[in-house]
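Undergrad: Let me give you the structure first, and then I'll get to my questions.
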Amino acid sequence: MGRSKQNKKANRLSTVVETARADRSPYSLIDRHRPLSKPEFEIFDAIRDAVPVVDAAIGKIVRLVGGFKVECDDRRAEKELHEFLRTVPSGSCSKGITTFLNKYLDSLLMYGIAVGEMVGSDRVEALYNASLKGIEITTGDNPFDLKVAVRDGVGTAVPVKYPERLLITAANATVQRPEGRSLLEGLPFVTSVLLKIYDSIGTNFERIGNLRYAVTYKPQDSLEGSFSPDRAAEIAKEWSAAMSDKEGVRDFVAVGDVDIKVIGADNQMISSEVPVRQMLEQIVAKLGLPPFLLGLNWSTTERMSQQQADLLTTELQYYRGLLEQVIVSVCRNWLSFEGYSCDFWVVWDDITLQDEVEMARAALYRAQAENQTKENEVK
């Protein structure tokens, strides 16, 4: 990637966008201000902590995206670039661009936006995953002109000195939401219902599952009734001793009409299987993962599971496209700082969610169809 191409690209982006709204209000800066750390981010964190399926889904998506390698025209540059991508510091206890990208994609899925930084003055020395707390973005008159600021300890927004070193990616962005949309958007209500069901299950088990007894003593006549307080106290004492015996089963012997019942035995717990599944279906549909990958043994046919795997492949390719922009920016800057001007491209590993035999058979059928089409054209 030569410098001339970069300069031409920069000149093209400096052109004024004619379809952008012209702000005449003196308070238009408020409209262009977009803080990245939103109040709902804490809700998303709570959802991930409270629902294990959500945490498992995000972790699986990050791992299923897979690995990649970068190839260059210059073999020497390619070898050095591979060593840099493998050993570049990406945290206090981690190295390599893979670790950086995993945390970067995790932020994309959770909050809809991720911010990273290429650390170094005259070369790329490290990759840093920035926290979204305190980072603010303001768009200028040109929608492509982003001004990034970080709030210091006293709350003052300090503009970033080197914005060209930042890596910013938005997932599921729209015209009205250019800062991206979280994968968990739309789940707070469904999650609240699911947690209420789980909370009620726990409460009911405390009431019914942990057996409690009602011991009732009924005096037979007035003479026996005059001694009922003393006899009731004796019965309570013996019953407590029988139930608290830790060594084994102990019999309880009482004189008179004594009735013992289990509290709550006549009531059955409400079945929660159907409502819990309804809520989980909504959550799984939003996460975009097949249920069997999350340990949910829902009845699915073999053909349906294959279709779900195909849909997941398209989802993973979308996330790969977002991450590829980050990889290209890092590699371009490193090659430029190291004095290389060669072209390069990113090659992703194959997504092996399907059976290799079925994929090979499909490739064979496709080749036979193309060959038959060519023979028909010749005739």
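To be explicit about the labels: the chains of the structure tokens are called A, B, and onward in the order shown, and within each one the residues are counted from 1, while ligands get numbers from 1 in the order they are shown.
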Please, which residues of stretch 124-349 of chain A, numbered as in this document, come out helix (DSSP H, G or I) from DSSP, as a count of residues only?
TA: 101
Undergrad: Do a neighbour search on A:Tyr104 at 12 Å with only C-alpha atoms, toss out local chain neighbours closer than 6 positions, and write the hits as an MDAnalysis selection string.
TA: chainID A and resid 62 90 97:98 110:117 127:132 167:171 319:320 322:324 326:327
Undergrad: Could you pull out the strand (DSSP E or B) residues of stretch 101-320 of chain A, going by DSSP on the backbone, and write them as a short mmCIF file (atom, residue, chain, number, x, y, z; two decimals) with N, CA and C atoms, in the first residue's frame?
TA:
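Below is the file states_28.cif, written as the result:
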data_model
loop_
_atom_site.label_atom_id
_atom_site.label_comp_id
_atom_site.auth_asym_id
_atom_site.auth_seq_id
_atom_site.Cartn_x
_atom_site.Cartn_y
_atom_site.Cartn_z
N ILE A 113 -19.74 -1.34 19.85
CA ILE A 113 -18.61 -0.53 19.42
C ILE A 113 -17.37 -0.96 20.18
N ALA A 114 -16.23 -0.86 19.54
CA ALA A 114 -14.96 -1.21 20.17
C ALA A 114 -13.93 -0.15 19.79
N VAL A 115 -13.04 0.14 20.72
CA VAL A 115 -11.98 1.14 20.51
C VAL A 115 -10.65 0.52 20.89
N GLY A 116 -9.70 0.62 20.00
CA GLY A 116 -8.35 0.16 20.25
C GLY A 116 -7.35 1.24 19.88
N GLU A 117 -6.11 1.01 20.23
CA GLU A 117 -5.07 2.01 19.96
C GLU A 117 -3.77 1.31 19.59
N MET A 118 -3.13 1.85 18.56
CA MET A 118 -1.79 1.41 18.19
C MET A 118 -0.78 2.28 18.93
N VAL A 119 -0.10 1.69 19.89
CA VAL A 119 0.80 2.43 20.77
C VAL A 119 2.18 2.50 20.14
N ALA A 126 2.81 -1.68 20.38
CA ALA A 126 1.85 -2.46 21.17
C ALA A 126 0.44 -2.14 20.69
N LEU A 127 -0.49 -3.00 21.06
CA LEU A 127 -1.91 -2.82 20.76
C LEU A 127 -2.67 -2.78 22.08
N TYR A 128 -3.53 -1.79 22.21
CA TYR A 128 -4.20 -1.55 23.49
C TYR A 128 -5.71 -1.53 23.29
N ASN A 129 -6.45 -2.31 24.10
CA ASN A 129 -7.91 -2.29 24.10
C ASN A 129 -8.38 -1.23 25.07
N ILE A 135 -14.75 7.83 27.11
CA ILE A 135 -14.42 8.18 25.72
C ILE A 135 -15.64 8.82 25.06
N GLU A 136 -15.41 9.91 24.38
CA GLU A 136 -16.49 10.62 23.70
C GLU A 136 -16.07 10.90 22.26
N ILE A 137 -17.06 10.83 21.36
CA ILE A 137 -16.82 11.09 19.94
C ILE A 137 -17.74 12.21 19.50
N THR A 138 -17.18 13.14 18.77
CA THR A 138 -17.95 14.25 18.20
C THR A 138 -17.70 14.29 16.71
N THR A 139 -18.76 14.36 15.93
CA THR A 139 -18.63 14.49 14.49
C THR A 139 -18.60 15.96 14.10
N LEU A 146 -14.15 12.49 12.61
CA LEU A 146 -14.45 12.12 13.99
C LEU A 146 -13.42 12.73 14.92
N LYS A 147 -13.91 13.37 15.96
CA LYS A 147 -13.05 13.96 16.97
C LYS A 147 -13.25 13.18 18.27
N VAL A 148 -12.18 12.54 18.72
CA VAL A 148 -12.24 11.68 19.90
C VAL A 148 -11.63 12.42 21.08
N ALA A 149 -12.31 12.34 22.21
CA ALA A 149 -11.82 12.96 23.44
C ALA A 149 -11.96 11.97 24.59
N VAL A 150 -11.09 12.13 25.59
CA VAL A 150 -11.10 11.28 26.77
C VAL A 150 -11.22 12.17 27.99
N ARG A 151 -12.13 11.83 28.89
CA ARG A 151 -12.34 12.63 30.10
C ARG A 151 -11.27 12.28 31.14
N ALA A 157 -13.06 16.93 29.07
CA ALA A 157 -12.83 16.16 27.85
C ALA A 157 -11.57 16.67 27.16
N VAL A 158 -10.56 15.84 27.10
CA VAL A 158 -9.28 16.20 26.50
C VAL A 158 -9.19 15.52 25.13
N PRO A 159 -9.06 16.28 24.04
CA PRO A 159 -8.96 15.66 22.71
C PRO A 159 -7.72 14.78 22.59
N LEU A 166 -5.92 5.51 16.47
CA LEU A 166 -7.06 4.83 17.07
C LEU A 166 -7.71 3.86 16.08
N LEU A 167 -8.28 2.81 16.62
CA LEU A 167 -9.04 1.83 15.86
C LEU A 167 -10.46 1.81 16.42
N ILE A 168 -11.42 2.25 15.64
CA ILE A 168 -12.81 2.34 16.09
C ILE A 168 -13.69 1.59 15.10
N THR A 169 -14.50 0.68 15.62
CA THR A 169 -15.39 -0.13 14.79
C THR A 169 -16.76 -0.17 15.44
N ALA A 170 -17.79 0.00 14.63
CA ALA A 170 -19.17 -0.08 15.10
C ALA A 170 -19.86 -1.26 14.43
N TYR A 213 -43.03 -29.01 58.92
CA TYR A 213 -44.11 -29.83 59.45
C TYR A 213 -45.00 -28.99 60.38
N ALA A 214 -46.27 -29.36 60.34
CA ALA A 214 -47.25 -28.77 61.26
C ALA A 214 -47.72 -29.87 62.21
N VAL A 215 -47.40 -29.74 63.49
CA VAL A 215 -47.78 -30.72 64.51
C VAL A 215 -48.94 -30.13 65.32
N THR A 216 -50.08 -30.79 65.24
CA THR A 216 -51.29 -30.29 65.89
C THR A 216 -51.74 -31.28 66.97
N TYR A 217 -51.95 -30.78 68.19
CA TYR A 217 -52.42 -31.60 69.31
C TYR A 217 -53.85 -31.20 69.63
N LYS A 218 -54.77 -32.21 69.67
CA LYS A 218 -56.19 -31.98 69.91
C LYS A 218 -56.60 -32.67 71.22
N ASP A 257 -54.39 -37.34 70.67
CA ASP A 257 -54.71 -37.13 69.25
C ASP A 257 -53.72 -36.09 68.69
N VAL A 258 -52.66 -36.57 68.04
CA VAL A 258 -51.63 -35.70 67.47
C VAL A 258 -51.62 -35.88 65.96
N ASP A 259 -51.76 -34.79 65.26
CA ASP A 259 -51.81 -34.82 63.78
C ASP A 259 -50.56 -34.13 63.23
N ILE A 260 -49.84 -34.82 62.32
CA ILE A 260 -48.61 -34.28 61.74
C ILE A 260 -48.79 -34.20 60.22
N LYS A 261 -48.58 -33.03 59.65
CA LYS A 261 -48.69 -32.83 58.21
C LYS A 261 -47.48 -32.03 57.71
N VAL A 262 -47.18 -32.26 56.44
CA VAL A 262 -46.10 -31.51 55.79
C VAL A 262 -46.69 -30.23 55.21
#
